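Peer 1: Structure supplied as target17.txt; contents: compact mmCIF, N, CA and C atoms.
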# COMPACT_ATOMS: atom_id res chain seq x y z
N MET R 1383 -78.69 66.04 8.91
CA MET R 1383 -77.53 66.19 8.04
C MET R 1383 -77.61 65.15 6.94
N SER R 1384 -77.44 65.61 5.73
CA SER R 1384 -77.41 64.67 4.62
C SER R 1384 -76.20 65.00 3.76
N GLY R 1385 -75.72 64.01 3.07
CA GLY R 1385 -74.56 64.21 2.22
C GLY R 1385 -73.78 62.92 2.11
N VAL R 1386 -72.54 63.07 1.71
CA VAL R 1386 -71.65 61.93 1.52
C VAL R 1386 -70.38 62.17 2.33
N TRP R 1387 -69.95 61.14 3.06
CA TRP R 1387 -68.70 61.23 3.80
C TRP R 1387 -67.56 60.94 2.84
N VAL R 1388 -66.56 61.82 2.83
CA VAL R 1388 -65.42 61.70 1.92
C VAL R 1388 -64.15 61.58 2.76
N PHE R 1389 -63.32 60.60 2.40
CA PHE R 1389 -62.04 60.41 3.07
C PHE R 1389 -60.95 60.92 2.13
N LYS R 1390 -60.18 61.93 2.56
CA LYS R 1390 -59.14 62.51 1.72
C LYS R 1390 -57.99 62.97 2.61
N ASN R 1391 -56.77 62.56 2.27
CA ASN R 1391 -55.56 62.95 3.01
C ASN R 1391 -55.67 62.64 4.50
N GLY R 1392 -56.26 61.51 4.83
CA GLY R 1392 -56.36 61.10 6.22
C GLY R 1392 -57.45 61.78 7.03
N VAL R 1393 -58.32 62.56 6.36
CA VAL R 1393 -59.38 63.28 7.05
C VAL R 1393 -60.73 62.89 6.45
N VAL R 1394 -61.69 62.63 7.33
CA VAL R 1394 -63.05 62.33 6.90
C VAL R 1394 -63.88 63.59 7.07
N ARG R 1395 -64.63 63.96 6.02
CA ARG R 1395 -65.49 65.13 6.13
C ARG R 1395 -66.80 64.86 5.39
N LEU R 1396 -67.82 65.61 5.78
CA LEU R 1396 -69.14 65.47 5.18
C LEU R 1396 -69.28 66.48 4.05
N VAL R 1397 -69.57 65.98 2.85
CA VAL R 1397 -69.83 66.84 1.70
C VAL R 1397 -71.35 66.89 1.55
N GLU R 1398 -71.92 68.09 1.74
CA GLU R 1398 -73.36 68.24 1.67
C GLU R 1398 -73.80 68.44 0.22
N ASN R 1399 -74.93 67.88 -0.13
CA ASN R 1399 -75.53 68.01 -1.45
C ASN R 1399 -74.55 67.65 -2.57
N PRO R 1400 -73.94 66.46 -2.53
CA PRO R 1400 -73.01 66.11 -3.59
C PRO R 1400 -73.72 66.04 -4.93
N GLY R 1401 -73.08 66.52 -5.96
CA GLY R 1401 -73.64 66.47 -7.29
C GLY R 1401 -74.69 67.52 -7.57
N ALA R 1402 -74.91 68.43 -6.62
CA ALA R 1402 -75.89 69.49 -6.85
C ALA R 1402 -75.37 70.41 -7.94
N GLY R 1403 -76.26 70.95 -8.73
CA GLY R 1403 -75.87 71.87 -9.80
C GLY R 1403 -75.18 73.08 -9.23
N SER R 1404 -74.33 73.71 -10.02
CA SER R 1404 -73.55 74.85 -9.53
C SER R 1404 -74.44 76.01 -9.11
N LEU R 1405 -75.53 76.25 -9.83
CA LEU R 1405 -76.42 77.34 -9.43
C LEU R 1405 -77.13 77.02 -8.13
N GLN R 1406 -77.59 75.80 -8.01
CA GLN R 1406 -78.29 75.42 -6.78
C GLN R 1406 -77.31 75.42 -5.60
N GLY R 1407 -76.12 74.91 -5.80
CA GLY R 1407 -75.14 74.87 -4.73
C GLY R 1407 -74.72 76.25 -4.28
N ALA R 1408 -74.62 77.18 -5.22
CA ALA R 1408 -74.19 78.53 -4.87
C ALA R 1408 -75.28 79.27 -4.11
N SER R 1409 -76.52 79.03 -4.46
CA SER R 1409 -77.60 79.78 -3.82
C SER R 1409 -78.03 79.14 -2.50
N ARG R 1410 -77.79 77.85 -2.34
CA ARG R 1410 -78.18 77.16 -1.11
C ARG R 1410 -76.98 77.03 -0.21
N GLY R 1411 -77.11 77.54 0.99
CA GLY R 1411 -76.06 77.40 1.97
C GLY R 1411 -76.69 77.17 3.33
N LYS R 1412 -75.88 77.19 4.33
CA LYS R 1412 -76.35 77.01 5.70
C LYS R 1412 -76.13 78.29 6.47
N VAL R 1413 -76.99 78.52 7.43
CA VAL R 1413 -76.82 79.66 8.33
C VAL R 1413 -76.96 79.16 9.76
N LEU R 1414 -76.27 79.83 10.66
CA LEU R 1414 -76.35 79.53 12.09
C LEU R 1414 -77.35 80.49 12.70
N VAL R 1415 -78.33 79.95 13.42
CA VAL R 1415 -79.39 80.76 14.00
C VAL R 1415 -79.35 80.66 15.52
N HIS R 1416 -79.40 81.82 16.17
CA HIS R 1416 -79.49 81.89 17.63
C HIS R 1416 -80.96 81.75 17.98
N LEU R 1417 -81.35 80.63 18.59
CA LEU R 1417 -82.76 80.30 18.80
C LEU R 1417 -83.50 81.26 19.75
N PRO R 1418 -82.89 81.70 20.86
CA PRO R 1418 -83.65 82.59 21.75
C PRO R 1418 -84.11 83.89 21.06
N THR R 1419 -83.32 84.38 20.09
CA THR R 1419 -83.68 85.62 19.41
C THR R 1419 -84.12 85.40 17.97
N ASN R 1420 -83.97 84.16 17.47
CA ASN R 1420 -84.24 83.81 16.08
C ASN R 1420 -83.40 84.67 15.12
N GLN R 1421 -82.22 85.05 15.56
CA GLN R 1421 -81.32 85.91 14.78
C GLN R 1421 -80.27 85.06 14.07
N VAL R 1422 -80.04 85.35 12.79
CA VAL R 1422 -79.00 84.68 12.03
C VAL R 1422 -77.66 85.30 12.42
N VAL R 1423 -76.67 84.45 12.68
CA VAL R 1423 -75.33 84.93 13.01
C VAL R 1423 -74.67 85.42 11.73
N THR R 1424 -74.36 86.71 11.68
CA THR R 1424 -73.83 87.32 10.46
C THR R 1424 -72.37 87.73 10.57
N SER R 1425 -71.79 87.61 11.77
CA SER R 1425 -70.39 87.99 11.96
C SER R 1425 -69.86 87.35 13.23
N TYR R 1426 -68.55 87.34 13.36
CA TYR R 1426 -67.95 86.82 14.59
C TYR R 1426 -68.25 87.72 15.77
N GLN R 1427 -68.41 89.01 15.54
CA GLN R 1427 -68.74 89.93 16.63
C GLN R 1427 -70.09 89.54 17.24
N VAL R 1428 -71.06 89.26 16.39
CA VAL R 1428 -72.39 88.84 16.86
C VAL R 1428 -72.28 87.50 17.57
N LEU R 1429 -71.56 86.55 16.99
CA LEU R 1429 -71.40 85.22 17.59
C LEU R 1429 -70.72 85.31 18.95
N GLU R 1430 -69.67 86.12 19.04
CA GLU R 1430 -68.94 86.25 20.31
C GLU R 1430 -69.85 86.80 21.41
N GLN R 1431 -70.69 87.77 21.08
CA GLN R 1431 -71.63 88.31 22.07
C GLN R 1431 -72.59 87.23 22.55
N MET R 1432 -73.07 86.41 21.62
CA MET R 1432 -74.01 85.34 21.97
C MET R 1432 -73.33 84.27 22.83
N LEU R 1433 -72.12 83.89 22.45
CA LEU R 1433 -71.41 82.86 23.21
C LEU R 1433 -71.00 83.34 24.60
N THR R 1434 -70.51 84.56 24.71
CA THR R 1434 -70.11 85.07 26.03
C THR R 1434 -71.32 85.22 26.96
N SER R 1435 -72.49 85.48 26.39
CA SER R 1435 -73.68 85.62 27.23
C SER R 1435 -74.11 84.29 27.86
N ILE R 1436 -73.62 83.17 27.30
CA ILE R 1436 -73.97 81.85 27.88
C ILE R 1436 -72.74 81.16 28.50
N GLY R 1437 -71.71 81.96 28.80
CA GLY R 1437 -70.60 81.43 29.59
C GLY R 1437 -69.34 81.05 28.85
N TRP R 1438 -69.27 81.26 27.55
CA TRP R 1438 -68.05 80.95 26.80
C TRP R 1438 -67.06 82.09 26.92
N GLU R 1439 -65.78 81.75 26.96
CA GLU R 1439 -64.71 82.75 27.04
C GLU R 1439 -63.83 82.64 25.81
N ARG R 1440 -63.33 83.76 25.36
CA ARG R 1440 -62.46 83.79 24.18
C ARG R 1440 -61.07 83.32 24.58
N TYR R 1441 -60.49 82.43 23.78
CA TYR R 1441 -59.11 81.96 23.94
C TYR R 1441 -58.25 82.72 22.94
N HIS R 1442 -57.06 83.08 23.32
CA HIS R 1442 -56.18 83.81 22.42
C HIS R 1442 -54.87 83.05 22.17
N ASP R 1443 -54.90 81.73 22.29
CA ASP R 1443 -53.69 80.92 22.17
C ASP R 1443 -53.19 80.77 20.74
N ASP R 1444 -54.08 80.65 19.78
CA ASP R 1444 -53.68 80.38 18.40
C ASP R 1444 -54.09 81.56 17.51
N PRO R 1445 -53.11 82.28 16.95
CA PRO R 1445 -53.44 83.46 16.13
C PRO R 1445 -54.15 83.11 14.82
N LYS R 1446 -54.12 81.84 14.42
CA LYS R 1446 -54.76 81.43 13.17
C LYS R 1446 -56.23 81.07 13.35
N LEU R 1447 -56.67 80.94 14.61
CA LEU R 1447 -58.03 80.50 14.90
C LEU R 1447 -58.73 81.44 15.87
N LEU R 1448 -60.03 81.43 15.80
CA LEU R 1448 -60.86 82.08 16.79
C LEU R 1448 -61.38 80.95 17.68
N GLN R 1449 -61.05 81.00 18.97
CA GLN R 1449 -61.40 79.89 19.85
C GLN R 1449 -62.16 80.37 21.07
N PHE R 1450 -63.08 79.51 21.52
CA PHE R 1450 -63.88 79.78 22.71
C PHE R 1450 -63.85 78.55 23.60
N HIS R 1451 -63.79 78.79 24.91
CA HIS R 1451 -63.76 77.70 25.89
C HIS R 1451 -64.78 78.01 26.99
N LYS R 1452 -65.42 76.96 27.47
CA LYS R 1452 -66.38 77.11 28.57
C LYS R 1452 -65.76 76.43 29.78
N ARG R 1453 -65.54 77.20 30.85
CA ARG R 1453 -64.84 76.67 32.03
C ARG R 1453 -65.49 75.44 32.63
N SER R 1454 -66.79 75.37 32.61
CA SER R 1454 -67.50 74.26 33.24
C SER R 1454 -67.44 72.96 32.42
N THR R 1455 -66.80 73.01 31.23
CA THR R 1455 -66.73 71.83 30.37
C THR R 1455 -65.32 71.67 29.81
N VAL R 1456 -65.12 70.60 29.07
CA VAL R 1456 -63.85 70.40 28.36
C VAL R 1456 -63.96 70.86 26.91
N HIS R 1457 -65.10 71.44 26.55
CA HIS R 1457 -65.36 71.83 25.16
C HIS R 1457 -64.52 73.03 24.73
N LEU R 1458 -64.10 72.97 23.48
CA LEU R 1458 -63.39 74.06 22.84
C LEU R 1458 -63.98 74.23 21.45
N ILE R 1459 -64.38 75.44 21.12
CA ILE R 1459 -64.88 75.74 19.78
C ILE R 1459 -63.76 76.44 19.03
N SER R 1460 -63.34 75.86 17.91
CA SER R 1460 -62.28 76.43 17.08
C SER R 1460 -62.85 76.78 15.71
N LEU R 1461 -62.67 78.04 15.33
CA LEU R 1461 -63.23 78.55 14.08
C LEU R 1461 -62.14 79.22 13.25
N PRO R 1462 -62.28 79.22 11.93
CA PRO R 1462 -61.29 79.94 11.11
C PRO R 1462 -61.37 81.44 11.39
N LYS R 1463 -60.24 82.14 11.31
CA LYS R 1463 -60.21 83.58 11.59
C LYS R 1463 -61.15 84.37 10.69
N ASP R 1464 -61.28 83.94 9.44
CA ASP R 1464 -62.10 84.63 8.46
C ASP R 1464 -63.53 84.09 8.51
N PHE R 1465 -64.51 84.94 8.85
CA PHE R 1465 -65.90 84.52 8.95
C PHE R 1465 -66.41 83.92 7.64
N ASN R 1466 -65.90 84.39 6.52
CA ASN R 1466 -66.33 83.87 5.21
C ASN R 1466 -65.91 82.42 4.99
N LYS R 1467 -64.99 81.91 5.81
CA LYS R 1467 -64.54 80.52 5.69
C LYS R 1467 -65.25 79.61 6.69
N LEU R 1468 -66.22 80.16 7.41
CA LEU R 1468 -67.01 79.37 8.34
C LEU R 1468 -67.87 78.39 7.54
N LYS R 1469 -67.74 77.11 7.82
CA LYS R 1469 -68.45 76.06 7.09
C LYS R 1469 -69.50 75.43 7.98
N SER R 1470 -70.35 74.63 7.37
CA SER R 1470 -71.42 73.99 8.14
C SER R 1470 -70.86 73.10 9.25
N MET R 1471 -69.69 72.49 9.03
CA MET R 1471 -69.13 71.64 10.10
C MET R 1471 -68.81 72.47 11.34
N HIS R 1472 -68.38 73.73 11.17
CA HIS R 1472 -68.13 74.61 12.31
C HIS R 1472 -69.45 74.97 12.99
N MET R 1473 -70.47 75.22 12.18
CA MET R 1473 -71.79 75.56 12.73
C MET R 1473 -72.35 74.41 13.54
N TYR R 1474 -72.25 73.19 13.01
CA TYR R 1474 -72.75 72.02 13.73
C TYR R 1474 -71.96 71.79 15.02
N ASP R 1475 -70.68 72.11 15.02
CA ASP R 1475 -69.88 72.00 16.24
C ASP R 1475 -70.43 72.94 17.32
N ILE R 1476 -70.79 74.15 16.92
CA ILE R 1476 -71.37 75.12 17.86
C ILE R 1476 -72.71 74.60 18.37
N VAL R 1477 -73.52 74.05 17.48
CA VAL R 1477 -74.85 73.54 17.86
C VAL R 1477 -74.72 72.38 18.85
N VAL R 1478 -73.83 71.43 18.57
CA VAL R 1478 -73.67 70.26 19.45
C VAL R 1478 -73.24 70.68 20.85
N LYS R 1479 -72.41 71.71 20.93
CA LYS R 1479 -71.90 72.15 22.23
C LYS R 1479 -72.83 73.14 22.93
N ASN R 1480 -73.89 73.54 22.25
CA ASN R 1480 -74.85 74.50 22.81
C ASN R 1480 -76.27 74.12 22.41
N ARG R 1481 -76.68 72.94 22.80
CA ARG R 1481 -78.01 72.45 22.44
C ARG R 1481 -79.08 73.42 22.93
N ASN R 1482 -80.11 73.58 22.15
CA ASN R 1482 -81.24 74.45 22.44
C ASN R 1482 -80.90 75.94 22.42
N VAL R 1483 -79.70 76.30 21.96
CA VAL R 1483 -79.32 77.71 21.86
C VAL R 1483 -79.09 78.10 20.41
N PHE R 1484 -78.51 77.18 19.62
CA PHE R 1484 -78.23 77.44 18.21
C PHE R 1484 -78.82 76.34 17.35
N GLU R 1485 -79.03 76.67 16.08
CA GLU R 1485 -79.54 75.71 15.12
C GLU R 1485 -78.96 76.06 13.74
N VAL R 1486 -78.69 75.04 12.94
CA VAL R 1486 -78.24 75.27 11.56
C VAL R 1486 -79.44 75.09 10.65
N ARG R 1487 -79.65 76.06 9.77
CA ARG R 1487 -80.77 76.03 8.84
C ARG R 1487 -80.27 76.27 7.42
N ASP R 1488 -81.07 75.85 6.45
CA ASP R 1488 -80.80 76.20 5.06
C ASP R 1488 -81.05 77.69 4.89
N SER R 1489 -80.19 78.36 4.12
CA SER R 1489 -80.38 79.80 3.92
C SER R 1489 -81.44 80.08 2.88
As structure tokens, please, write out the structure in this file.
Peer 2:
Amino acid sequence: MSGVWVFKNGVVRLVENPGAGSLQGASRGKVLVHLPTNQVVTSYQVLEQMLTSIGWERYHDDPKLLQFHKRSTVHLISLPKDFNKLKSMHMYDIVVKNRNVFEVRDS
């Protein structure tokens, strides 16, 4: 992970590729890859199938979020309802909680 940590409104977040040109920034993004199949996650439907196959269960507590919980752990994955709002920080959260199953790559 490279970038600059920014503190704003009491929240610290990582800004990737600060100062990158608008064309470069628009064309370069991150993708979440399922390592066993080398498949890029293209929708929440695909992601949910992958997560449930390794023991994650869907939580329905918060209508604003898509959440998954694994009974054998205290981990909770919280994602924005809209797949288009999925950011690299959400992808890295999935990777950290599922080592050797997912990876974040440059698109």
Peer 1: Find the distance between atom N of R:Leu1461 and atom CA of R:Pro1418 and write it in Å to one decimal.
Peer 2: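 About the pair atom N of R:Leu1461 and atom CA of R:Pro1418: they are 22.4 Å apart.
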Peer 1: Do you have the atom CA of R:Arg1453-atom CA of R:Gly1437 distance handy?
Peer 2: 7.9 Å
Peer 1: Which is closest to R:Ser1460 among R:Leu1433, R:Val1397, R:Met1473, R:Leu1447, if we use only C-alpha atoms?
Peer 2: R:Leu1447
Peer 1: Could you give me, as a PyMOL selection string, each residue of stretch 1408-1482 of chain R that DSSP assigns to strand (DSSP E or B) when run on this structure's backbone?
Peer 2: chain R and resi 1412-1416+1421-1422+1438-1441+1447-1452+1458-1462
Peer 1: Using all atoms of stretch 1431-1441 of chain R that appear in the file, construct an axis-aligned enclosing box with 3 Å of padding on every side and provide its centre coordinates and edge lengths in Å, rounded to one decimal, as AutoDock Vina command-line options.
Peer 2:
--center_x -66.2 --center_y 84.6 --center_z 25.3 --size_x 21.9 --size_y 13.4 --size_z 14.5
Peer 1: Enter the distance from atom CA of R:Val1415 to atom CA of R:Asp1444, in Å, rounded to one decimal.
Peer 2: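 According to the coordinates, atom CA of R:Val1415 and atom CA of R:Asp1444 are separated by 26.1 Å.
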Peer 1: Given the point (-69.8, 59.2, 2.5) in the file's coordinates, find the residues that have an atom at most 10 Å from it, counting only C-alpha atoms, and give them as a VMD selection string.
Peer 2: chain R and resid 1384 to 1389 1394 to 1398 1400
Peer 1: Env of stretch 1425-1432 of chain R: 7 Å cut, atoms = only C-alpha atoms, seq-sep filter 3 positions within chain, self excluded. Answer as a PyMOL selection string.
Peer 2: chain R and resi 1435-1436+1465
Peer 1: When distances are computed from all atoms listed in the file, which of R:Asp1464, R:Glu1439, R:Val1477, R:Val1422 shows the smallest separation from R:His1451?
Peer 2: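 Checking each of R:Asp1464, R:Glu1439, R:Val1477, R:Val1422 against R:His1451, counting all atoms listed in the file, the winner is R:Glu1439.
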Peer 1: For R:Asp1488, work out the shell of residues within 6 Å, counting all atoms listed in the file and skipping chain neighbours fewer than 4 positions away, then give it as a CSV table (one decimal) with N, CA and C atoms, keeping the file's coordinate frame.
Peer 2:
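Once everything was written out, this is selection.csv:
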chain,number,residue,atom,x,y,z
R,1411,GLY,N,-77.1,77.5,1.0
R,1411,GLY,CA,-76.1,77.4,2.0
R,1411,GLY,C,-76.7,77.2,3.3
R,1412,LYS,N,-75.9,77.2,4.3
R,1412,LYS,CA,-76.4,77.0,5.7
R,1412,LYS,C,-76.1,78.3,6.5
R,1413,VAL,N,-77.0,78.5,7.4
R,1413,VAL,CA,-76.8,79.7,8.3
R,1413,VAL,C,-77.0,79.2,9.8
Peer 1: Taking all atoms listed in the file into account, which of R:Ser1489, R:Gln1449, R:Thr1434, R:Asn1466 comes nearest R:Leu1414?
Peer 2: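 Looking at the shortest contact to R:Leu1414, the residue is R:Ser1489.
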Peer 1: Running DSSP on the backbone, which parts of stretch 1433-1480 of chain R land in alpha helix (DSSP H), as a list in words?
Peer 2: Leu1433, Thr1434, Ser1435, Ser1470, Met1471, His1472, Met1473, Tyr1474, Asp1475, Ile1476, Val1477, Val1478 and Lys1479 of chain R
Peer 1: R:Leu1458, R:Val1423, R:Leu1417, R:Leu1468: which is nearest R:Asn1482, counting only N, CA and C atoms?
Peer 2: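 The closest residue to R:Asn1482 is R:Leu1417.
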